Protein chains: 2
Amino acid sequence: MARKMIFDVEFRSYGVCVGKLRNEVTNEALTPFQVRRMLPTDEGLFQGGENTAPTPLEYFLTGLVGCLMTQIRVCARQLSVDVADLEVGCNAKWEALRDAVGPYQARPVGFDINISLISDAPEEKVQELIAASKRACFVEATLAQANDITHSLRVNDGDAIRI
Amino acid sequence: MARKMIFDVEFRSYGVCVGKLRNEVTNEALTPFQVRRMLPTDEGLFQGGENTAPTPLEYFLTGLVGCLMTQIRVCARQLSVDVADLEVGCNAKWEALRDAVGPYQARPVGFDINISLISDAPEEKVQELIAASKRACFVEATLAQANDITHSLRVNDGDAIRI
């Protein structure tokens, strides 16, 4: 199978702090489409937030479930597989482990994804659709591999350093 | 360093299809706090959506940036590091590669995270804060490893099968 590139996807996000633990994150899609929108996050009262917006993990899981559902519908059209009443559930678990310096270390445990749909197509055709949709899902592909994540830090308006 | 568990984090998410490519995803936090909220996703017009809500990747990136920002503020309090004017940016790239069956394969390229802040603390103390915050960030920890993702499929209200 040729692994030729069809298109790039690039986003630039930018978050600022507002209130106790509220963040306002502006996401700008640069390619293959252009859009710029702000989404706010917050934490509940007992975590020190003010509950003005959903928590970051709600956004993260909406991205995962929403992306997979979109891909299933797009792939169904492309593969001419009839799909109705699509529902996707996800059980997601993490552990917070003791850390020597900070409050805790986050450890992802796993993601169980449950797909339910109605279709006239043969079951093996539906399974082929789901397999193609998993490959096409940008978020699931990201969770399935150890990603290249770099950080730079700029303190007191000095030079940014790689950390 | 002991890796004793401090607490569990568990979410249950559930998405339904509404409109052409709109999804309504309800996320329920089970532990360590309880909350249940719905977030909608959609796609732009030229992708076949109706642009009624942000795209799944906007939610995903808001989860990443928002979680890291929250952890930096929580860790700063715990480590007694003074932090003001915190801003976090992220450049995120994926490629869509040719697929033998579906429309494309998603391949994550990388995430460049840029942190800017004002602090009276010594620079090495700020770097220690950022290192602890990265370890505490549930989303960044998820992106940094290849995760355990399982799928089950239920067609026409039959039995769910592992796929």
# chains A, B, ... in the order shown; residues from 1 in each chain; ligands from 1
>>> residues_around(residues="A:Ala136", least_positions_apart="4", cutoff="8 Å", atoms="only C-alpha atoms", output="compact mmCIF listing (two decimals) with N, CA, C and O atoms, in the first residue's frame")
# COMPACT_ATOMS: atom_id res chain seq x y z
N GLN A 71 -15.73 10.26 11.43
CA GLN A 71 -15.03 9.41 10.46
C GLN A 71 -15.89 8.22 10.05
O GLN A 71 -15.86 7.80 8.89
N ALA A 132 -11.55 0.97 8.87
CA ALA A 132 -11.11 2.14 8.07
C ALA A 132 -11.32 3.43 8.85
O ALA A 132 -10.49 4.35 8.79
N ALA A 141 -5.76 7.91 16.23
CA ALA A 141 -4.39 7.66 15.76
C ALA A 141 -3.38 8.31 16.70
O ALA A 141 -2.28 7.79 16.93
N ALA B 96 -2.72 13.29 6.45
CA ALA B 96 -3.68 12.29 5.97
C ALA B 96 -3.00 11.54 4.83
O ALA B 96 -2.66 12.14 3.80
N GLY B 102 -10.23 2.95 3.10
CA GLY B 102 -10.96 4.15 3.51
C GLY B 102 -10.46 5.40 2.81
O GLY B 102 -9.63 5.33 1.90
N PRO B 103 -10.97 6.57 3.22
CA PRO B 103 -10.62 7.84 2.57
C PRO B 103 -9.15 8.23 2.80
O PRO B 103 -8.53 8.81 1.92
N TYR B 104 -8.62 7.94 3.98
CA TYR B 104 -7.21 8.25 4.30
C TYR B 104 -6.86 7.65 5.65
O TYR B 104 -7.74 7.24 6.41
N GLN B 105 -5.54 7.62 5.93
CA GLN B 105 -5.06 7.24 7.25
C GLN B 105 -4.54 8.48 7.95
O GLN B 105 -3.74 9.23 7.37
N ALA B 106 -4.94 8.68 9.19
CA ALA B 106 -4.46 9.82 9.96
C ALA B 106 -3.11 9.47 10.57
O ALA B 106 -2.94 8.41 11.16
>>> select_by_dssp(residues="chain A", states="alpha helix (DSSP H)", output="ChimeraX atom specification")
/A:56-78,123-136,138-144
>>> write_last_selection(atoms="N, CA and C atoms", output="CSV table (one decimal), in the first residue's frame")
chain,number,residue,atom,x,y,z
A,56,PRO,N,-11.1,20.3,31.1
A,56,PRO,CA,-10.3,19.9,30.0
A,56,PRO,C,-10.5,18.4,29.5
A,57,LEU,N,-10.7,17.5,30.5
A,57,LEU,CA,-10.9,16.1,30.1
A,57,LEU,C,-12.3,15.9,29.3
A,58,GLU,N,-13.3,16.7,29.6
A,58,GLU,CA,-14.5,16.6,28.8
A,58,GLU,C,-14.3,17.1,27.4
A,59,TYR,N,-13.5,18.1,27.2
A,59,TYR,CA,-13.1,18.5,25.8
A,59,TYR,C,-12.4,17.4,25.1
A,60,PHE,N,-11.4,16.9,25.8
A,60,PHE,CA,-10.5,15.8,25.2
A,60,PHE,C,-11.4,14.6,24.8
A,61,LEU,N,-12.3,14.2,25.6
A,61,LEU,CA,-13.1,13.0,25.3
A,61,LEU,C,-14.1,13.3,24.2
A,62,THR,N,-14.6,14.5,24.2
A,62,THR,CA,-15.5,15.0,23.1
A,62,THR,C,-14.8,14.9,21.8
A,63,GLY,N,-13.5,15.3,21.8
A,63,GLY,CA,-12.7,15.3,20.6
A,63,GLY,C,-12.5,13.9,20.1
A,64,LEU,N,-12.3,12.9,21.0
A,64,LEU,CA,-12.1,11.5,20.7
A,64,LEU,C,-13.4,10.9,20.1
A,65,VAL,N,-14.4,11.0,20.8
A,65,VAL,CA,-15.7,10.4,20.4
A,65,VAL,C,-16.3,11.1,19.2
A,66,GLY,N,-16.2,12.4,19.2
A,66,GLY,CA,-16.7,13.2,18.0
A,66,GLY,C,-15.9,12.9,16.7
A,67,CYS,N,-14.6,12.8,16.8
A,67,CYS,CA,-13.8,12.5,15.6
A,67,CYS,C,-14.1,11.1,15.1
A,68,LEU,N,-14.2,10.1,16.0
A,68,LEU,CA,-14.5,8.8,15.5
A,68,LEU,C,-15.8,8.7,14.8
A,69,MET,N,-16.8,9.3,15.5
A,69,MET,CA,-18.2,9.3,14.9
A,69,MET,C,-18.2,10.0,13.5
A,70,THR,N,-17.5,11.1,13.4
A,70,THR,CA,-17.5,11.8,12.1
A,70,THR,C,-16.8,10.9,11.1
A,71,GLN,N,-15.7,10.3,11.4
A,71,GLN,CA,-15.0,9.4,10.5
A,71,GLN,C,-15.9,8.2,10.1
A,72,ILE,N,-16.7,7.7,11.0
A,72,ILE,CA,-17.5,6.5,10.6
A,72,ILE,C,-18.5,7.0,9.6
A,73,ARG,N,-19.1,8.2,9.8
A,73,ARG,CA,-20.1,8.6,8.8
A,73,ARG,C,-19.5,9.0,7.5
A,74,VAL,N,-18.3,9.6,7.5
A,74,VAL,CA,-17.6,9.9,6.2
A,74,VAL,C,-17.2,8.7,5.5
A,75,CYS,N,-16.6,7.7,6.2
A,75,CYS,CA,-16.2,6.4,5.6
A,75,CYS,C,-17.4,5.7,5.1
A,76,ALA,N,-18.5,5.7,5.8
A,76,ALA,CA,-19.7,5.0,5.4
A,76,ALA,C,-20.2,5.4,4.0
A,77,ARG,N,-20.1,6.8,3.8
A,77,ARG,CA,-20.4,7.4,2.5
A,77,ARG,C,-19.5,6.9,1.5
A,78,GLN,N,-18.2,6.9,1.8
A,78,GLN,CA,-17.1,6.6,0.8
A,78,GLN,C,-17.2,5.1,0.4
A,123,GLU,N,-22.1,-8.1,7.9
A,123,GLU,CA,-21.4,-7.7,9.1
A,123,GLU,C,-19.9,-7.5,8.8
A,124,GLU,N,-19.3,-8.3,7.9
A,124,GLU,CA,-17.9,-8.1,7.6
A,124,GLU,C,-17.6,-6.8,6.9
A,125,LYS,N,-18.6,-6.3,6.1
A,125,LYS,CA,-18.5,-5.0,5.5
A,125,LYS,C,-18.6,-3.9,6.6
A,126,VAL,N,-19.4,-4.1,7.6
A,126,VAL,CA,-19.5,-3.1,8.7
A,126,VAL,C,-18.2,-3.1,9.5
A,127,GLN,N,-17.6,-4.3,9.7
A,127,GLN,CA,-16.3,-4.3,10.4
A,127,GLN,C,-15.2,-3.7,9.6
A,128,GLU,N,-15.2,-3.8,8.3
A,128,GLU,CA,-14.3,-3.1,7.4
A,128,GLU,C,-14.4,-1.6,7.5
A,129,LEU,N,-15.7,-1.2,7.6
A,129,LEU,CA,-16.0,0.3,7.7
A,129,LEU,C,-15.4,0.8,9.1
A,130,ILE,N,-15.6,0.0,10.1
A,130,ILE,CA,-15.1,0.5,11.4
A,130,ILE,C,-13.5,0.5,11.4
A,131,ALA,N,-12.9,-0.5,10.8
A,131,ALA,CA,-11.4,-0.6,10.8
A,131,ALA,C,-10.9,0.6,10.0
A,132,ALA,N,-11.5,1.0,8.9
A,132,ALA,CA,-11.1,2.1,8.1
A,132,ALA,C,-11.3,3.4,8.9
A,133,SER,N,-12.4,3.5,9.6
A,133,SER,CA,-12.7,4.7,10.4
A,133,SER,C,-11.7,4.9,11.5
A,134,LYS,N,-11.3,3.8,12.1
A,134,LYS,CA,-10.3,3.9,13.2
A,134,LYS,C,-9.0,4.5,12.6
A,135,ARG,N,-8.6,4.0,11.4
A,135,ARG,CA,-7.4,4.5,10.7
A,135,ARG,C,-7.5,6.0,10.4
A,136,ALA,N,-8.7,6.4,10.0
A,136,ALA,CA,-8.9,7.8,9.6
A,136,ALA,C,-9.1,8.8,10.7
A,138,PHE,N,-8.2,11.1,13.5
A,138,PHE,CA,-7.0,11.8,13.9
A,138,PHE,C,-6.7,11.7,15.4
A,139,VAL,N,-7.8,11.7,16.2
A,139,VAL,CA,-7.6,11.6,17.6
A,139,VAL,C,-7.2,10.2,18.0
A,140,GLU,N,-7.9,9.2,17.5
A,140,GLU,CA,-7.6,7.8,17.9
A,140,GLU,C,-6.2,7.5,17.4
A,141,ALA,N,-5.8,7.9,16.2
A,141,ALA,CA,-4.4,7.7,15.8
A,141,ALA,C,-3.4,8.3,16.7
A,142,THR,N,-3.7,9.5,17.3
A,142,THR,CA,-2.8,10.2,18.2
A,142,THR,C,-2.7,9.4,19.5
A,143,LEU,N,-3.8,8.9,20.0
A,143,LEU,CA,-3.8,8.1,21.2
A,143,LEU,C,-3.1,6.8,21.1
A,144,ALA,N,-3.1,6.2,19.9
A,144,ALA,CA,-2.5,4.9,19.6
A,144,ALA,C,-1.0,4.9,19.6
>>> closest_residue(among="B:Gly49, B:Gly44, B:Pro32, B:Gly15", to="chain A", atoms="only C-alpha atoms")
B:Gly15
>>> closest_residue(among="A:Arg154, A:Arg36, A:Arg162, A:Arg22", to="chain B", atoms="only C-alpha atoms")
A:Arg154
>>> residues_around(residues="stretch 112-116 of chain B", least_positions_apart="2", cutoff="8 Å", atoms="only C-alpha atoms", output="list in words")
Ile149, Thr150, His151, Ser152, Leu153, Arg154, Val155, Asn156 and Asp157 of chain A; Asp85, Leu86, Glu87, Val88, Gly89, Cys90, Asn91, Ala92, Gly110 and Ile118 of chain B
>>> decode(residues="stretch 51-72 of chain B", atoms="N, CA, C and O atoms", output="compact mmCIF listing (two decimals), in the first residue's frame")
# COMPACT_ATOMS: atom_id res chain seq x y z
N ASN B 51 -21.65 23.35 10.31
CA ASN B 51 -20.95 24.40 11.06
C ASN B 51 -21.73 24.91 12.27
O ASN B 51 -21.67 26.09 12.61
N THR B 52 -22.43 24.01 12.95
CA THR B 52 -23.24 24.41 14.11
C THR B 52 -22.44 24.37 15.41
O THR B 52 -22.94 24.76 16.46
N ALA B 53 -21.20 23.85 15.36
CA ALA B 53 -20.42 23.66 16.59
C ALA B 53 -18.95 23.50 16.19
O ALA B 53 -18.63 23.29 15.02
N PRO B 54 -18.03 23.62 17.14
CA PRO B 54 -16.61 23.41 16.83
C PRO B 54 -16.34 21.97 16.35
O PRO B 54 -17.11 21.06 16.62
N THR B 55 -15.23 21.80 15.64
CA THR B 55 -14.83 20.48 15.15
C THR B 55 -14.19 19.65 16.28
O THR B 55 -13.70 20.20 17.26
N PRO B 56 -14.18 18.33 16.13
CA PRO B 56 -13.57 17.48 17.16
C PRO B 56 -12.12 17.86 17.49
O PRO B 56 -11.73 17.83 18.66
N LEU B 57 -11.31 18.24 16.50
CA LEU B 57 -9.91 18.57 16.80
C LEU B 57 -9.80 19.84 17.65
O LEU B 57 -8.85 19.97 18.43
N GLU B 58 -10.75 20.77 17.50
CA GLU B 58 -10.74 21.95 18.38
C GLU B 58 -10.97 21.53 19.84
O GLU B 58 -10.33 22.04 20.77
N TYR B 59 -11.89 20.59 20.03
CA TYR B 59 -12.14 20.09 21.40
C TYR B 59 -10.89 19.38 21.94
O TYR B 59 -10.49 19.57 23.08
N PHE B 60 -10.33 18.53 21.09
CA PHE B 60 -9.14 17.76 21.50
C PHE B 60 -8.00 18.70 21.94
O PHE B 60 -7.39 18.51 23.00
N LEU B 61 -7.72 19.73 21.14
CA LEU B 61 -6.62 20.64 21.45
C LEU B 61 -6.94 21.52 22.66
O LEU B 61 -6.05 21.86 23.44
N THR B 62 -8.22 21.87 22.83
CA THR B 62 -8.62 22.62 24.03
C THR B 62 -8.38 21.76 25.27
O THR B 62 -7.94 22.26 26.31
N GLY B 63 -8.64 20.46 25.15
CA GLY B 63 -8.37 19.55 26.27
C GLY B 63 -6.89 19.52 26.61
O GLY B 63 -6.50 19.57 27.79
N LEU B 64 -6.04 19.45 25.59
CA LEU B 64 -4.59 19.41 25.82
C LEU B 64 -4.09 20.71 26.45
O LEU B 64 -3.45 20.70 27.51
N VAL B 65 -4.37 21.83 25.81
CA VAL B 65 -3.86 23.12 26.29
C VAL B 65 -4.48 23.47 27.64
O VAL B 65 -3.80 23.90 28.58
N GLY B 66 -5.79 23.25 27.78
CA GLY B 66 -6.48 23.57 29.03
C GLY B 66 -5.98 22.73 30.19
O GLY B 66 -5.80 23.22 31.31
N CYS B 67 -5.74 21.44 29.95
CA CYS B 67 -5.28 20.55 31.03
C CYS B 67 -3.88 20.97 31.49
O CYS B 67 -3.62 21.07 32.70
N LEU B 68 -2.99 21.25 30.54
CA LEU B 68 -1.63 21.64 30.92
C LEU B 68 -1.63 22.97 31.69
O LEU B 68 -0.93 23.12 32.70
N MET B 69 -2.44 23.92 31.22
CA MET B 69 -2.52 25.22 31.91
C MET B 69 -3.04 25.05 33.35
O MET B 69 -2.55 25.68 34.28
N THR B 70 -4.06 24.21 33.49
CA THR B 70 -4.62 23.96 34.84
C THR B 70 -3.55 23.34 35.74
O THR B 70 -3.37 23.74 36.89
N GLN B 71 -2.82 22.36 35.21
CA GLN B 71 -1.81 21.68 36.02
C GLN B 71 -0.68 22.64 36.40
O GLN B 71 -0.15 22.56 37.51
N ILE B 72 -0.31 23.54 35.49
CA ILE B 72 0.75 24.51 35.83
C ILE B 72 0.29 25.38 37.00
O ILE B 72 1.06 25.63 37.94
